[in-house]
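Source file: target_25.cif; contents: mmCIF, C-alpha atoms.
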data_target
loop_
_atom_site.label_atom_id
_atom_site.label_comp_id
_atom_site.auth_asym_id
_atom_site.auth_seq_id
_atom_site.Cartn_x
_atom_site.Cartn_y
_atom_site.Cartn_z
CA MET A 1 -34.05 6.81 -68.17
CA CYS A 2 -32.02 3.91 -66.80
CA ALA A 3 -28.29 4.33 -67.14
CA ALA A 4 -26.12 1.55 -68.49
CA ALA A 5 -24.03 0.17 -65.68
CA SER A 6 -20.33 0.80 -65.30
CA HIS A 7 -18.44 -1.60 -63.05
CA ARG A 8 -17.34 -0.32 -59.64
CA PRO A 9 -15.34 -2.70 -57.47
CA ASP A 10 -15.71 -0.48 -54.41
CA VAL A 11 -19.37 -0.85 -53.37
CA ARG A 12 -20.88 -1.18 -49.95
CA PRO A 13 -24.35 -1.52 -48.40
CA GLU A 14 -25.96 1.75 -47.41
CA ALA A 15 -27.90 1.98 -44.17
CA GLY A 16 -30.50 4.52 -45.31
CA GLY A 17 -31.91 7.15 -42.99
CA ILE A 18 -35.71 6.93 -43.18
CA ARG A 19 -37.30 5.94 -39.91
CA ARG A 20 -40.49 3.92 -40.17
CA PRO A 21 -43.12 2.76 -37.70
CA ARG A 22 -43.32 -0.94 -36.90
CA ARG A 23 -45.62 -2.66 -39.36
CA ARG A 24 -46.81 -6.23 -39.76
CA ALA A 25 -45.79 -8.52 -42.59
CA ILE A 26 -47.44 -11.84 -43.38
CA SER A 27 -45.50 -14.92 -42.26
CA ALA A 28 -43.07 -16.82 -44.47
CA ARG A 29 -45.57 -19.68 -44.76
CA GLN A 30 -48.32 -17.27 -45.77
CA ARG A 31 -46.02 -15.72 -48.39
CA LEU A 32 -45.23 -19.12 -49.87
CA LEU A 33 -48.91 -20.05 -49.96
CA ARG A 34 -49.68 -16.68 -51.58
CA ASP A 35 -46.94 -17.23 -54.17
CA GLN A 36 -48.30 -20.69 -54.97
CA ARG A 37 -51.82 -19.25 -55.31
CA LEU A 38 -50.59 -16.48 -57.61
CA GLU A 39 -48.60 -18.94 -59.71
CA SER A 40 -51.75 -21.02 -60.19
CA ILE A 41 -53.75 -17.92 -61.12
CA ALA A 42 -50.98 -16.85 -63.52
CA ALA A 43 -50.93 -20.23 -65.26
CA LEU A 44 -54.71 -20.14 -65.72
CA ALA A 45 -54.62 -16.49 -66.85
CA SER A 46 -51.90 -17.21 -69.40
CA GLY A 47 -53.89 -19.99 -71.06
CA ILE A 48 -57.15 -18.00 -71.14
CA THR A 49 -55.39 -14.88 -72.42
CA HIS A 50 -53.79 -16.66 -75.36
CA ASP A 51 -57.19 -18.08 -76.34
CA LEU A 52 -58.91 -14.70 -76.05
CA ASN A 53 -56.17 -13.02 -78.09
CA ASN A 54 -57.09 -15.38 -80.90
CA VAL A 55 -60.68 -14.09 -80.59
CA PHE A 56 -59.82 -10.37 -80.56
CA ALA A 57 -57.29 -10.44 -83.41
CA PRO A 58 -59.74 -11.32 -86.24
CA ILE A 59 -62.31 -8.84 -84.86
CA ILE A 60 -59.79 -6.00 -85.01
CA ILE A 61 -58.44 -6.97 -88.43
CA SER A 62 -61.91 -7.46 -89.95
CA GLY A 63 -63.16 -4.21 -88.41
CA GLU A 64 -60.25 -2.23 -89.88
CA LEU A 65 -60.89 -3.73 -93.33
CA LEU A 66 -64.63 -2.97 -93.15
CA ARG A 67 -63.99 0.61 -92.01
CA ARG A 68 -62.15 1.33 -95.27
CA LYS A 69 -65.20 0.32 -97.32
CA MET A 70 -68.08 1.86 -95.33
CA THR A 71 -69.24 5.45 -95.61
CA GLY A 72 -72.50 5.74 -93.62
CA ASP A 73 -72.06 7.78 -90.44
CA ASP A 74 -74.17 5.50 -88.22
CA THR A 75 -72.47 2.37 -89.49
CA LEU A 76 -69.02 3.89 -89.03
CA GLN A 77 -69.82 4.95 -85.47
CA CYS A 78 -70.86 1.41 -84.57
CA LEU A 79 -67.82 -0.03 -86.33
CA ASN A 80 -65.45 2.40 -84.62
CA LEU A 81 -66.96 1.50 -81.23
CA MET A 82 -66.49 -2.20 -81.94
CA ILE A 83 -62.84 -1.70 -82.95
CA ARG A 84 -62.11 0.55 -79.97
CA CYS A 85 -63.61 -1.96 -77.52
CA ALA A 86 -61.67 -4.80 -79.13
CA TRP A 87 -58.43 -2.84 -78.76
CA GLN A 88 -59.24 -2.08 -75.11
CA GLY A 89 -59.91 -5.75 -74.48
CA SER A 90 -56.65 -6.66 -76.18
CA GLU A 91 -54.76 -4.18 -73.97
CA THR A 92 -56.31 -5.69 -70.85
CA LEU A 93 -55.18 -9.12 -72.01
CA ARG A 94 -51.66 -7.76 -72.55
CA GLN A 95 -51.63 -6.57 -68.93
CA VAL A 96 -52.83 -9.97 -67.74
CA LEU A 97 -49.98 -11.59 -69.68
CA THR A 98 -47.54 -9.25 -67.94
CA PHE A 99 -48.82 -10.61 -64.62
CA ALA A 100 -48.76 -14.19 -65.87
CA GLY A 101 -45.42 -14.17 -67.66
CA GLY A 102 -43.76 -11.02 -66.40
CA MET A 103 -42.06 -9.85 -69.57
CA GLU A 104 -40.37 -10.92 -72.75
CA GLY A 105 -37.02 -9.91 -74.17
CA ASP A 106 -33.41 -9.70 -73.08
CA LEU A 107 -32.26 -8.16 -69.82
CA VAL A 108 -29.42 -5.65 -69.97
CA GLU A 109 -27.09 -4.46 -67.24
CA LEU A 110 -28.17 -1.08 -65.92
CA ARG A 111 -28.36 1.23 -62.93
CA LEU A 112 -31.65 2.55 -61.58
CA THR A 113 -30.56 5.89 -60.11
CA ALA A 114 -31.57 8.18 -62.97
CA ALA A 115 -34.85 6.35 -63.60
CA ILE A 116 -35.94 6.54 -59.96
CA GLU A 117 -35.01 10.23 -59.71
CA GLU A 118 -37.15 10.91 -62.79
CA LEU A 119 -40.06 8.76 -61.59
CA SER A 120 -40.01 10.45 -58.19
CA GLU A 121 -40.97 13.74 -59.85
CA SER A 122 -44.05 12.13 -61.43
CA ILE A 123 -44.97 10.57 -58.09
CA ARG A 124 -44.46 13.89 -56.28
CA LYS A 125 -46.99 15.55 -58.61
CA ALA A 126 -49.57 12.89 -57.69
CA LEU A 127 -49.37 13.67 -53.94
CA PRO A 128 -52.24 15.62 -52.35
CA PRO A 129 -51.58 19.24 -51.28
CA GLY A 130 -49.45 19.42 -48.16
CA ALA A 131 -48.02 15.91 -48.51
CA THR A 132 -44.27 15.44 -48.98
CA LEU A 133 -41.97 13.02 -50.77
CA GLN A 134 -38.62 12.02 -49.26
CA LEU A 135 -36.11 10.40 -51.63
CA GLU A 136 -32.87 8.68 -50.58
CA ILE A 137 -30.68 6.86 -53.12
CA SER A 138 -27.37 5.25 -52.24
CA PRO A 139 -24.57 6.88 -54.27
CA ASP A 140 -22.96 3.49 -55.02
CA LEU A 141 -25.91 1.40 -56.19
CA TRP A 142 -24.98 -1.98 -57.60
CA PRO A 143 -26.00 -2.62 -61.22
CA ILE A 144 -28.82 -5.03 -62.02
CA ALA A 145 -29.86 -7.02 -65.09
CA GLY A 146 -33.25 -5.76 -66.18
CA ASP A 147 -35.65 -4.26 -68.66
CA CYS A 148 -35.68 -0.52 -67.98
CA ALA A 149 -39.21 0.12 -69.31
CA GLN A 150 -40.73 -2.74 -67.32
CA LEU A 151 -38.97 -1.77 -64.10
CA ARG A 152 -40.02 1.86 -64.52
CA LYS A 153 -43.62 0.68 -64.85
CA ALA A 154 -43.36 -1.43 -61.70
CA ILE A 155 -41.75 1.28 -59.57
CA LEU A 156 -44.17 3.94 -60.82
CA ASN A 157 -47.19 1.75 -60.05
CA VAL A 158 -46.07 1.18 -56.46
CA GLY A 159 -45.17 4.85 -56.04
CA LEU A 160 -48.51 6.10 -57.35
CA ASN A 161 -50.30 3.57 -55.16
CA GLY A 162 -48.47 5.05 -52.18
CA ALA A 163 -49.27 8.58 -53.29
CA ASP A 164 -52.96 7.66 -53.40
CA ALA A 165 -52.74 6.39 -49.83
CA VAL A 166 -51.15 9.53 -48.38
CA ALA A 167 -53.50 12.12 -46.94
CA GLN A 168 -52.91 15.86 -46.76
CA GLY A 169 -49.87 16.46 -44.55
CA GLY A 170 -48.70 12.86 -44.95
CA ARG A 171 -45.39 11.59 -46.22
CA LEU A 172 -44.15 9.17 -48.87
CA CYS A 173 -40.59 7.86 -48.54
CA ILE A 174 -38.60 6.21 -51.35
CA ARG A 175 -35.28 4.68 -50.37
CA VAL A 176 -32.94 2.77 -52.71
CA GLN A 177 -29.90 0.94 -51.38
CA ASN A 178 -27.70 -2.12 -51.67
CA THR A 179 -28.46 -5.11 -49.48
CA LYS A 180 -27.74 -8.81 -49.20
CA VAL A 181 -30.50 -11.41 -49.02
CA THR A 182 -29.78 -14.14 -46.50
CA PRO A 183 -30.85 -17.79 -46.92
CA ALA A 184 -33.42 -17.31 -44.15
CA VAL A 185 -35.09 -14.45 -46.05
CA ALA A 186 -34.89 -16.22 -49.42
CA ARG A 187 -36.61 -19.32 -48.04
CA GLY A 188 -39.67 -17.22 -47.31
CA HIS A 189 -40.16 -16.20 -50.96
CA SER A 190 -40.76 -18.62 -53.79
CA GLY A 191 -37.96 -18.40 -56.36
CA ALA A 192 -35.91 -15.86 -54.37
CA LYS A 193 -32.10 -15.90 -54.59
CA THR A 194 -29.54 -15.22 -51.89
CA GLY A 195 -26.74 -12.68 -52.19
CA PRO A 196 -26.43 -9.05 -53.39
CA HIS A 197 -29.65 -7.24 -54.27
CA VAL A 198 -30.81 -3.69 -54.88
CA LEU A 199 -33.61 -2.84 -52.46
CA ILE A 200 -36.25 -0.26 -53.40
CA SER A 201 -38.39 0.69 -50.41
CA ILE A 202 -41.57 2.75 -50.89
CA ALA A 203 -43.29 3.63 -47.59
CA ASP A 204 -46.37 5.77 -46.98
CA THR A 205 -48.09 7.16 -43.90
CA GLY A 206 -51.55 6.16 -45.13
CA GLN A 207 -54.23 4.11 -43.43
CA GLY A 208 -52.48 0.79 -43.94
CA MET A 209 -53.99 -2.65 -44.59
CA ASN A 210 -55.43 -5.37 -42.39
CA PRO A 211 -54.00 -8.93 -42.60
CA GLN A 212 -56.69 -10.10 -45.03
CA MET A 213 -55.93 -7.26 -47.47
CA LEU A 214 -52.21 -7.79 -47.03
CA ASP A 215 -52.52 -11.43 -48.09
CA ARG A 216 -54.42 -10.53 -51.28
CA VAL A 217 -52.66 -7.31 -52.27
CA PHE A 218 -51.12 -8.83 -55.44
CA ASP A 219 -54.24 -10.70 -56.58
CA PRO A 220 -55.47 -9.53 -60.01
CA PHE A 221 -58.40 -7.09 -59.76
CA PHE A 222 -58.22 -6.92 -55.97
CA ALA A 223 -58.82 -3.36 -54.74
CA THR A 224 -57.33 -2.08 -51.48
CA LYS A 225 -59.34 1.15 -51.68
CA GLY A 226 -62.81 -0.32 -52.10
CA SER A 227 -64.71 -1.33 -55.21
CA ASP A 228 -66.12 2.17 -55.67
CA LEU A 229 -62.60 3.40 -56.52
CA GLY A 230 -62.05 0.76 -59.16
CA ARG A 231 -60.21 -2.51 -59.52
CA GLY A 232 -57.14 -3.05 -61.63
CA LEU A 233 -54.02 -5.02 -62.37
CA SER A 234 -51.36 -2.53 -61.26
CA LEU A 235 -49.94 -4.39 -58.25
CA SER A 236 -50.33 -7.82 -59.85
CA ILE A 237 -48.35 -6.49 -62.84
CA VAL A 238 -45.68 -5.25 -60.43
CA TYR A 239 -45.54 -8.74 -58.91
CA GLY A 240 -45.10 -10.33 -62.35
CA ILE A 241 -42.41 -7.89 -63.47
CA ILE A 242 -40.31 -8.26 -60.33
CA ARG A 243 -40.61 -12.05 -60.36
CA SER A 244 -39.51 -12.10 -64.02
CA HIS A 245 -36.33 -10.26 -62.93
CA GLY A 246 -35.59 -12.95 -60.35
CA GLY A 247 -36.64 -10.67 -57.50
CA PHE A 248 -39.35 -10.62 -54.87
CA ILE A 249 -41.47 -8.16 -52.89
CA GLN A 250 -42.14 -7.84 -49.17
CA VAL A 251 -45.06 -5.79 -47.89
CA HIS A 252 -45.29 -4.44 -44.32
CA SER A 253 -48.52 -2.80 -43.24
CA GLU A 254 -50.81 -2.22 -40.30
CA VAL A 255 -54.06 -0.31 -40.04
CA GLY A 256 -53.28 3.23 -38.94
CA CYS A 257 -49.52 2.84 -39.43
CA GLY A 258 -49.10 3.02 -43.20
CA THR A 259 -47.65 0.56 -45.71
CA GLU A 260 -44.18 -0.21 -47.00
CA PHE A 261 -43.33 -2.13 -50.18
CA GLU A 262 -39.81 -3.54 -50.36
CA ILE A 263 -38.74 -4.56 -53.86
CA PHE A 264 -35.64 -6.77 -54.06
CA ILE A 265 -33.88 -7.14 -57.43
CA PRO A 266 -30.75 -9.31 -57.80
CA ALA A 267 -27.60 -7.23 -58.33
CA VAL A 268 -24.80 -7.88 -60.79
CA VAL A 269 -21.62 -7.78 -58.69
CA ARG A 270 -18.35 -9.07 -60.12
#
Any chance you could give the structure as structure tokens?
Amino acid sequence: MCAAASHRPDVRPEAGGIRRPRRRAISARQRLLRDQRLESIAALASGITHDLNNVFAPIIISGELLRRKMTGDDTLQCLNLMIRCAWQGSETLRQVLTFAGGMEGDLVELRLTAAIEELSESIRKALPPGATLQLEISPDLWPIAGDCAQLRKAILNVGLNGADAVAQGGRLCIRVQNTKVTPAVARGHSGAKTGPHVLISIADTGQGMNPQMLDRVFDPFFATKGSDLGRGLSLSIVYGIIRSHGGFIQVHSEVGCGTEFEIFIPAVVR
């Protein structure tokens, strides 16, 4: 769980000790163009999702009412299938809304140390035999303003994505530290702020991505592992959640050299 933050005046950036190979990142202009493209997709997705929710809601409500009155086995099976599919469609729409709008609700001041330590155990279990997980967390992490459940979902999605990429004998590194975002870095990310941030780095020794994949990694339903392994919303949801917290994500990758996701979340420093 995320721990409520207590104020510590004596905080300092941590250097972190995980060495990484040199990997490519898309240019600042490409990132801005990608952000603009994703914002357009999100606006379209939000409008469509609200309309489709209005379609699914009466189907689910009517199906539940009919199920109480019907007794025939065949009829009930068909009705149960209809209700189940409607609920699945509604859940998919909820995920699309997370990408489009990030999240709803108030942000509270918290620290991520305990949550990341707990999530790392789930990620470790997803690694293939012989692969290892290295975890480094700065002892003096700055607090952030966030939604613990949403941030846990985002970090877990990126971590499991990295675990999927690691082959037997490979390594996944998670490093969490304080950092400061400079104006030069902020200019390369739409909506990014300057100043103190908490940086969560998740790096794998997998096959990496080519520039075309790197540019589309946050697109909804884009698959980095090939269509035969499925398409989903996991990384696009991560993008929406982090943006809703005022943060941004950098991705460094190169074919044969692995991938690193860097998640920046504004810190609360008084």
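Taking CA of Leu112 in chain A and CA of Gly206 in chain A as endpoints, the distance between them is 26.1 Å.
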Worksheet item: On this structure, which residues satisfy the PyMOL selection byres ((chain A and resi 120-133) around 7), written as a PyMOL selection string?
Response: chain A and resi 116-119+134-135+159-160+163+167-173
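Across A:Ile249, A:Thr205, A:Pro220, A:Pro143, the tightest approach to Val269 in chain A is made by A:Pro143 when counting only C-alpha atoms.
Put simply, CA of Phe218 in chain A is 17.8 Å away from CA of Val255 in chain A.
For the pair CA of Cys257 in chain A and CA of Met213 in chain A, the interatomic distance is 14.4 Å.
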Item to complete: To verify the selection step, state as a PyMOL selection string which residues the PyMOL selection byres ((chain A and resi 191) around 8) yields on this input.
Response: chain A and resi 186+189-190+192-193+243+246-247
